[in-house]
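Enquirer: One structure coming up, written as structure tokens, with questions to follow.
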Amino acid sequence: MKGYARYIVYVLSLVLLPSCIRDEILPCPPLQVNISVKDKNYFNIESAVKWGYDVKKDETLPFKDYVSTLYYRLDRLETGEMMVEQKLFTVSSGDKEVGVTFPEDIPFGTYVMTTWGNMQSEVPLGDDATSSDLHLYNAQGNDIYLSSDTFVYDENQYLYTVELERVKGKLLIKAENLPDEIRFSTKDITNVYAYVKADFSYSREALVHTDTLWQKPNEILTGTLLCPSTDIDNSTLSINFYEIFPDELRAGRSRMWIAPEDINISMKRNTLTILRFIYESGGEPIDPPDPPDPDPDPDPEDPDPEDPDPEEPDPEDPDPDGGGNSKFKMYVLVNDNWENLHSMEIE
């Protein structure tokens, strides 16, 4: 009888043993992603440093020194369902990467993670955050970063790293030998993109306008963040330099201005476009035309349809010598050499 009892205990132990072992199996690791910064400096930063146009950033700084805000979302590739969305937040950690651990109840599968950096608002991201209008809600002036990554999550694949890349380039312009009276400048850049998708495809042409009031004469170096040009040398830069004082600035008027001719430039992602304008002394400043009359008198009836204003002379060009272009030498930095924008010969 005792032997039979021992046999029953032995059989039960064999039945229960696998169950005990099963209870001790740890849950599968959750999906974990480390977010890092790839573009810590522009591709051609060394050229800018050589000529004193920019400073190279230390590439061992904390994450927040390159990207100060983050937004990300995780979508299931098979269904397009959004599984997790992290609203825009300020990065406060001093770590070199931002670690993300997703909820353990996310099922195995293939996922797409879209991450945006340096946004001031989620407004430019639209409804699904897979694209952004870079001219909405101050996004035009932000150094935007982006990554879109696809990965498989299962019991053996659960730890990944994604790298944020810069969306825009920067236009650097240095003006030299300007008259001391010049304190204000405007820029217009045409044919640059305004919209980017998560795969870094760009669309929607835009014109960018900037105004700059200078505190010190003859120390004029501007930096403007811009999306890539719609084609090589397809963006047109128009720049004007003004003598201006606070009361005139508020009134939108200046007593004189000088302007180089318009030039074609190329903007590229994570690349500095570096220009140099040298004002040639001896040229007379240009007097701009008077502002339009806010309440003009009605025009009289046209006596001659072929000559509607017989006593009104044709308006003169504000610069009879060619729009100010004779007063400037203009150069673009290419492969550490200054190329003349008129002759395109290496100086």
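Labels for the structure tokens follow display order: chains A, B, ..., residues from 1 in each chain, ligands from 1.
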Would you return as a list in words the members of region 58-257 of chain A that DSSP assigns to helix (DSSP H, G or I) on this structure's backbone?
Expert: Phe63, Lys64, Asp65, Val123, Pro124, Leu125, Ala139, Gln140, Gly141, Pro246, Asp247, Glu248, Leu249, Arg250 and Ala251 of chain A
Enquirer: Could those residues be written to a file, using N, CA, C and O atoms, as a PDB file, in the first residue's frame?
Expert:
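Result saved to selection_33.pdb:
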```
ATOM      1  N   PHE A  63      21.634  65.112 -25.873  1.00  0.00           N
ATOM      2  CA  PHE A  63      20.623  65.123 -26.923  1.00  0.00           C
ATOM      3  C   PHE A  63      19.922  66.473 -27.008  1.00  0.00           C
ATOM      4  O   PHE A  63      19.717  67.018 -28.092  1.00  0.00           O
ATOM      5  N   LYS A  64      19.566  67.046 -25.866  1.00  0.00           N
ATOM      6  CA  LYS A  64      18.768  68.265 -25.841  1.00  0.00           C
ATOM      7  C   LYS A  64      19.511  69.470 -26.408  1.00  0.00           C
ATOM      8  O   LYS A  64      18.891  70.481 -26.733  1.00  0.00           O
ATOM      9  N   ASP A  65      20.850  69.390 -26.528  1.00  0.00           N
ATOM     10  CA  ASP A  65      21.612  70.495 -27.098  1.00  0.00           C
ATOM     11  C   ASP A  65      21.479  70.547 -28.618  1.00  0.00           C
ATOM     12  O   ASP A  65      21.828  71.555 -29.227  1.00  0.00           O
ATOM     13  N   VAL A 123       0.695  71.698 -34.597  1.00  0.00           N
ATOM     14  CA  VAL A 123      -0.187  72.187 -35.659  1.00  0.00           C
ATOM     15  C   VAL A 123       0.353  71.870 -37.054  1.00  0.00           C
ATOM     16  O   VAL A 123      -0.397  71.399 -37.925  1.00  0.00           O
ATOM     17  N   PRO A 124       1.662  72.092 -37.348  1.00  0.00           N
ATOM     18  CA  PRO A 124       2.151  71.803 -38.704  1.00  0.00           C
ATOM     19  C   PRO A 124       2.106  70.330 -39.088  1.00  0.00           C
ATOM     20  O   PRO A 124       2.250  69.995 -40.271  1.00  0.00           O
ATOM     21  N   LEU A 125       1.897  69.417 -38.109  1.00  0.00           N
ATOM     22  CA  LEU A 125       1.936  67.992 -38.400  1.00  0.00           C
ATOM     23  C   LEU A 125       0.640  67.465 -38.992  1.00  0.00           C
ATOM     24  O   LEU A 125       0.608  66.350 -39.511  1.00  0.00           O
ATOM     25  N   ALA A 139       7.042  77.212 -37.696  1.00  0.00           N
ATOM     26  CA  ALA A 139       7.912  76.110 -38.113  1.00  0.00           C
ATOM     27  C   ALA A 139       8.948  76.586 -39.115  1.00  0.00           C
ATOM     28  O   ALA A 139      10.004  75.968 -39.256  1.00  0.00           O
ATOM     29  N   GLN A 140       8.680  77.703 -39.807  1.00  0.00           N
ATOM     30  CA  GLN A 140       9.617  78.218 -40.798  1.00  0.00           C
ATOM     31  C   GLN A 140      10.966  78.540 -40.170  1.00  0.00           C
ATOM     32  O   GLN A 140      12.019  78.347 -40.784  1.00  0.00           O
ATOM     33  N   GLY A 141      10.973  79.024 -38.940  1.00  0.00           N
ATOM     34  CA  GLY A 141      12.218  79.402 -38.298  1.00  0.00           C
ATOM     35  C   GLY A 141      12.828  78.330 -37.414  1.00  0.00           C
ATOM     36  O   GLY A 141      13.824  78.594 -36.735  1.00  0.00           O
ATOM     37  N   PRO A 246      14.625 103.911 -35.978  1.00  0.00           N
ATOM     38  CA  PRO A 246      13.426 103.315 -35.381  1.00  0.00           C
ATOM     39  C   PRO A 246      12.105 103.913 -35.862  1.00  0.00           C
ATOM     40  O   PRO A 246      11.160 103.177 -36.129  1.00  0.00           O
ATOM     41  N   ASP A 247      12.018 105.261 -35.975  1.00  0.00           N
ATOM     42  CA  ASP A 247      10.756 105.840 -36.404  1.00  0.00           C
ATOM     43  C   ASP A 247      10.455 105.476 -37.851  1.00  0.00           C
ATOM     44  O   ASP A 247       9.317 105.240 -38.230  1.00  0.00           O
ATOM     45  N   GLU A 248      11.510 105.398 -38.681  1.00  0.00           N
ATOM     46  CA  GLU A 248      11.292 105.018 -40.071  1.00  0.00           C
ATOM     47  C   GLU A 248      10.942 103.543 -40.194  1.00  0.00           C
ATOM     48  O   GLU A 248      10.177 103.141 -41.070  1.00  0.00           O
ATOM     49  N   LEU A 249      11.506 102.727 -39.317  1.00  0.00           N
ATOM     50  CA  LEU A 249      11.194 101.298 -39.339  1.00  0.00           C
ATOM     51  C   LEU A 249       9.722 101.066 -39.052  1.00  0.00           C
ATOM     52  O   LEU A 249       9.054 100.287 -39.727  1.00  0.00           O
ATOM     53  N   ARG A 250       9.209 101.784 -38.048  1.00  0.00           N
ATOM     54  CA  ARG A 250       7.790 101.629 -37.717  1.00  0.00           C
ATOM     55  C   ARG A 250       6.907 102.101 -38.864  1.00  0.00           C
ATOM     56  O   ARG A 250       5.832 101.562 -39.110  1.00  0.00           O
ATOM     57  N   ALA A 251       7.359 103.109 -39.585  1.00  0.00           N
ATOM     58  CA  ALA A 251       6.576 103.626 -40.704  1.00  0.00           C
ATOM     59  C   ALA A 251       6.806 102.829 -41.976  1.00  0.00           C
ATOM     60  O   ALA A 251       6.159 103.091 -42.985  1.00  0.00           O
TER      61      ALA A 251
END
```
Enquirer: Write out as a PyMOL selection string which residues come within 10 Å of Phe43 (chain A) when counting only C-alpha atoms, dropping same-chain ones fewer than 2 positions away.
Expert: chain A and resi 39-41+45-47+169+269-272
Enquirer: Which residue, A:Tyr42, A:Tyr331, A:Phe241, A:Phe200, has the smallest gap to Thr114 (chain A) when you use only C-alpha atoms?
Expert: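 Counting only C-alpha atoms, the residue closest to Thr114 (chain A) is A:Phe200.
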Enquirer: Would you mind listing what lies within 8 Å of region 186-195 of chain A as an mmCIF file with N, CA and C atoms, in the first residue's frame, with only C-alpha atoms counted and same-chain residues fewer than 5 positions away left out?
Expert:
```
data_model
loop_
_atom_site.group_PDB
_atom_site.id
_atom_site.type_symbol
_atom_site.label_atom_id
_atom_site.label_comp_id
_atom_site.auth_asym_id
_atom_site.auth_seq_id
_atom_site.Cartn_x
_atom_site.Cartn_y
_atom_site.Cartn_z
ATOM 1 N N SER A 131 3.583 63.894 -42.104
ATOM 2 C CA SER A 131 4.068 64.979 -42.949
ATOM 3 C C SER A 131 3.939 66.280 -42.167
ATOM 4 N N SER A 132 4.585 67.333 -42.679
ATOM 5 C CA SER A 132 4.541 68.616 -41.970
ATOM 6 C C SER A 132 4.593 69.765 -42.960
ATOM 7 N N ASP A 133 3.771 70.775 -42.706
ATOM 8 C CA ASP A 133 3.863 72.043 -43.415
ATOM 9 C C ASP A 133 4.852 72.906 -42.644
ATOM 10 N N LEU A 134 5.995 73.144 -43.235
ATOM 11 C CA LEU A 134 7.091 73.799 -42.531
ATOM 12 C C LEU A 134 6.979 75.315 -42.533
ATOM 13 N N HIS A 135 5.816 75.841 -42.924
ATOM 14 C CA HIS A 135 5.602 77.281 -42.886
ATOM 15 C C HIS A 135 4.404 77.639 -42.015
ATOM 16 N N TYR A 202 9.814 66.061 -50.616
ATOM 17 C CA TYR A 202 9.385 67.447 -50.442
ATOM 18 C C TYR A 202 8.395 67.836 -51.530
ATOM 19 N N SER A 203 7.556 68.831 -51.222
ATOM 20 C CA SER A 203 6.587 69.334 -52.201
ATOM 21 C C SER A 203 6.140 70.742 -51.792
ATOM 22 N N ARG A 204 5.300 71.358 -52.618
ATOM 23 C CA ARG A 204 4.690 72.664 -52.383
ATOM 24 C C ARG A 204 5.719 73.799 -52.325
ATOM 25 N N GLU A 205 5.811 74.539 -53.408
ATOM 26 C CA GLU A 205 6.760 75.650 -53.480
ATOM 27 C C GLU A 205 6.339 76.796 -52.560
ATOM 28 N N ALA A 206 7.347 77.548 -52.103
ATOM 29 C CA ALA A 206 7.076 78.677 -51.207
ATOM 30 C C ALA A 206 8.067 79.791 -51.488
ATOM 31 N N LEU A 207 7.699 81.000 -51.053
ATOM 32 C CA LEU A 207 8.589 82.160 -51.037
ATOM 33 C C LEU A 207 8.813 82.534 -49.587
ATOM 34 N N VAL A 208 10.070 82.716 -49.208
ATOM 35 C CA VAL A 208 10.412 83.053 -47.827
ATOM 36 C C VAL A 208 10.913 84.493 -47.782
ATOM 37 N N HIS A 209 10.370 85.271 -46.864
ATOM 38 C CA HIS A 209 10.773 86.677 -46.684
ATOM 39 C C HIS A 209 11.287 86.863 -45.263
ATOM 40 N N THR A 210 12.409 87.577 -45.121
ATOM 41 C CA THR A 210 12.945 87.890 -43.793
ATOM 42 C C THR A 210 13.335 89.357 -43.716
ATOM 43 N N ASP A 211 13.217 89.946 -42.524
ATOM 44 C CA ASP A 211 13.653 91.309 -42.228
ATOM 45 C C ASP A 211 14.657 91.249 -41.083
ATOM 46 N N THR A 212 15.736 92.021 -41.182
ATOM 47 C CA THR A 212 16.753 92.019 -40.126
ATOM 48 C C THR A 212 17.193 93.442 -39.823
ATOM 49 N N LEU A 226 16.160 77.123 -44.447
ATOM 50 C CA LEU A 226 15.320 76.962 -45.628
ATOM 51 C C LEU A 226 15.244 75.502 -46.036
ATOM 52 N N CYS A 227 14.087 75.105 -46.536
ATOM 53 C CA CYS A 227 13.952 73.785 -47.139
ATOM 54 C C CYS A 227 14.725 73.750 -48.468
ATOM 55 N N PRO A 228 14.967 72.568 -49.010
ATOM 56 C CA PRO A 228 15.706 72.490 -50.271
ATOM 57 C C PRO A 228 15.006 73.238 -51.407
ATOM 58 N N SER A 229 15.812 73.645 -52.387
ATOM 59 C CA SER A 229 15.274 74.266 -53.603
ATOM 60 C C SER A 229 14.522 73.223 -54.416
ATOM 61 N N THR A 230 13.591 73.699 -55.219
ATOM 62 C CA THR A 230 12.807 72.791 -56.047
ATOM 63 C C THR A 230 13.632 72.171 -57.158
ATOM 64 N N ASN A 234 17.578 76.788 -58.714
ATOM 65 C CA ASN A 234 16.237 77.223 -59.090
ATOM 66 C C ASN A 234 15.652 78.243 -58.126
ATOM 67 N N SER A 235 16.335 78.500 -57.012
ATOM 68 C CA SER A 235 15.847 79.502 -56.064
ATOM 69 C C SER A 235 16.476 80.853 -56.385
ATOM 70 N N THR A 236 15.666 81.890 -56.349
ATOM 71 C CA THR A 236 16.139 83.245 -56.613
ATOM 72 C C THR A 236 16.226 84.017 -55.306
ATOM 73 N N LEU A 237 17.391 84.628 -55.071
ATOM 74 C CA LEU A 237 17.609 85.446 -53.875
ATOM 75 C C LEU A 237 17.582 86.911 -54.257
ATOM 76 N N SER A 238 16.707 87.668 -53.598
ATOM 77 C CA SER A 238 16.665 89.123 -53.720
ATOM 78 C C SER A 238 16.959 89.706 -52.351
ATOM 79 N N ILE A 239 17.974 90.573 -52.280
ATOM 80 C CA ILE A 239 18.353 91.144 -50.996
ATOM 81 C C ILE A 239 18.544 92.650 -51.153
ATOM 82 N N ASN A 240 18.044 93.408 -50.180
ATOM 83 C CA ASN A 240 18.164 94.863 -50.163
ATOM 84 C C ASN A 240 18.726 95.300 -48.812
ATOM 85 N N PHE A 241 19.563 96.334 -48.848
ATOM 86 C CA PHE A 241 20.151 96.896 -47.637
ATOM 87 C C PHE A 241 19.655 98.332 -47.484
ATOM 88 N N MET A 267 19.534 75.454 -52.465
ATOM 89 C CA MET A 267 19.450 75.044 -51.074
ATOM 90 C C MET A 267 19.324 73.526 -51.019
#
```
Enquirer: What parts of region 75-131 of chain A does DSSP call strand (DSSP E)? I'd like the answer as a PyMOL selection string.
Expert: chain A and resi 75-76+82-90+98-101+109-117+131
Enquirer: For the interface of region 125-198 of chain A with region 73-84 of chain A (cut-off 10 Å, counting only C-alpha atoms), please tabulate each contacting residue of region 125-198 of chain A alongside its nearest pair of atoms and their separation in Å to one decimal, rows sorted by chain and increasing number, as a Markdown table.
Expert:
```
| residue | atom | partner | partner_atom | distance |
| --- | --- | --- | --- | --- |
| A:Asp128 | CA | A:Met82 | CA | 9.0 |
| A:Ala129 | CA | A:Arg73 | CA | 8.0 |
| A:Thr130 | CA | A:Arg73 | CA | 9.3 |
| A:Ser148 | CA | A:Arg73 | CA | 9.9 |
| A:Asp149 | CA | A:Leu74 | CA | 9.7 |
| A:Thr150 | CA | A:Leu77 | CA | 8.1 |
| A:Phe151 | CA | A:Leu77 | CA | 9.3 |
| A:Val152 | CA | A:Leu77 | CA | 9.7 |
```
Enquirer: Just to be explicit: take each residue in the selection above, keep all heavy atoms, and write the result as a PDB file, in the first residue's frame.
Expert:
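The new file again-v7.pdb reads:
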```
ATOM      1  N   ASP A 128      -2.199  63.055 -39.228  1.00  0.00           N
ATOM      2  CA  ASP A 128      -1.558  61.765 -38.979  1.00  0.00           C
ATOM      3  C   ASP A 128      -0.071  61.863 -38.661  1.00  0.00           C
ATOM      4  O   ASP A 128       0.587  60.843 -38.432  1.00  0.00           O
ATOM      5  CB  ASP A 128      -1.764  60.825 -40.171  1.00  0.00           C
ATOM      6  CG  ASP A 128      -1.144  61.371 -41.450  1.00  0.00           C
ATOM      7  OD1 ASP A 128      -0.524  62.451 -41.396  1.00  0.00           O
ATOM      8  OD2 ASP A 128      -1.292  60.715 -42.495  1.00  0.00           O
ATOM      9  N   ALA A 129       0.489  63.075 -38.650  1.00  0.00           N
ATOM     10  CA  ALA A 129       1.883  63.318 -38.264  1.00  0.00           C
ATOM     11  C   ALA A 129       2.893  62.614 -39.151  1.00  0.00           C
ATOM     12  O   ALA A 129       4.045  62.444 -38.776  1.00  0.00           O
ATOM     13  CB  ALA A 129       2.115  62.915 -36.811  1.00  0.00           C
ATOM     14  N   THR A 130       2.481  62.195 -40.347  1.00  0.00           N
ATOM     15  CA  THR A 130       3.430  61.600 -41.285  1.00  0.00           C
ATOM     16  C   THR A 130       3.952  62.632 -42.277  1.00  0.00           C
ATOM     17  O   THR A 130       4.699  62.292 -43.186  1.00  0.00           O
ATOM     18  CB  THR A 130       2.786  60.443 -42.062  1.00  0.00           C
ATOM     19  OG1 THR A 130       1.647  60.937 -42.781  1.00  0.00           O
ATOM     20  CG2 THR A 130       2.348  59.333 -41.114  1.00  0.00           C
ATOM     21  N   SER A 148      11.828  58.288 -39.762  1.00  0.00           N
ATOM     22  CA  SER A 148      10.730  57.348 -39.964  1.00  0.00           C
ATOM     23  C   SER A 148      11.355  55.970 -40.148  1.00  0.00           C
ATOM     24  O   SER A 148      12.114  55.749 -41.094  1.00  0.00           O
ATOM     25  CB  SER A 148       9.895  57.732 -41.182  1.00  0.00           C
ATOM     26  OG  SER A 148       8.822  56.819 -41.368  1.00  0.00           O
ATOM     27  N   ASP A 149      11.040  55.063 -39.235  1.00  0.00           N
ATOM     28  CA  ASP A 149      11.721  53.768 -39.209  1.00  0.00           C
ATOM     29  C   ASP A 149      10.713  52.638 -39.082  1.00  0.00           C
ATOM     30  O   ASP A 149       9.726  52.735 -38.344  1.00  0.00           O
ATOM     31  CB  ASP A 149      12.699  53.719 -38.034  1.00  0.00           C
ATOM     32  CG  ASP A 149      13.752  54.806 -38.119  1.00  0.00           C
ATOM     33  OD1 ASP A 149      13.505  55.913 -37.606  1.00  0.00           O
ATOM     34  OD2 ASP A 149      14.811  54.549 -38.715  1.00  0.00           O
ATOM     35  N   THR A 150      11.006  51.548 -39.798  1.00  0.00           N
ATOM     36  CA  THR A 150      10.159  50.347 -39.778  1.00  0.00           C
ATOM     37  C   THR A 150      10.939  49.212 -39.128  1.00  0.00           C
ATOM     38  O   THR A 150      12.103  48.970 -39.492  1.00  0.00           O
ATOM     39  CB  THR A 150       9.744  49.948 -41.196  1.00  0.00           C
ATOM     40  OG1 THR A 150       9.047  51.037 -41.812  1.00  0.00           O
ATOM     41  CG2 THR A 150       8.841  48.728 -41.181  1.00  0.00           C
ATOM     42  N   PHE A 151      10.333  48.527 -38.168  1.00  0.00           N
ATOM     43  CA  PHE A 151      11.017  47.408 -37.537  1.00  0.00           C
ATOM     44  C   PHE A 151      10.022  46.333 -37.093  1.00  0.00           C
ATOM     45  O   PHE A 151       8.822  46.581 -36.912  1.00  0.00           O
ATOM     46  CB  PHE A 151      11.867  47.841 -36.344  1.00  0.00           C
ATOM     47  CG  PHE A 151      11.326  49.001 -35.563  1.00  0.00           C
ATOM     48  CD1 PHE A 151      10.195  48.863 -34.781  1.00  0.00           C
ATOM     49  CD2 PHE A 151      11.952  50.229 -35.613  1.00  0.00           C
ATOM     50  CE1 PHE A 151       9.703  49.934 -34.052  1.00  0.00           C
ATOM     51  CE2 PHE A 151      11.459  51.313 -34.890  1.00  0.00           C
ATOM     52  CZ  PHE A 151      10.349  51.163 -34.112  1.00  0.00           C
ATOM     53  N   VAL A 152      10.573  45.117 -36.959  1.00  0.00           N
ATOM     54  CA  VAL A 152       9.805  43.946 -36.541  1.00  0.00           C
ATOM     55  C   VAL A 152       9.967  43.762 -35.035  1.00  0.00           C
ATOM     56  O   VAL A 152      11.086  43.823 -34.503  1.00  0.00           O
ATOM     57  CB  VAL A 152      10.287  42.686 -37.280  1.00  0.00           C
ATOM     58  CG1 VAL A 152       9.574  41.442 -36.746  1.00  0.00           C
ATOM     59  CG2 VAL A 152      10.065  42.822 -38.780  1.00  0.00           C
TER      60      VAL A 152
END
```
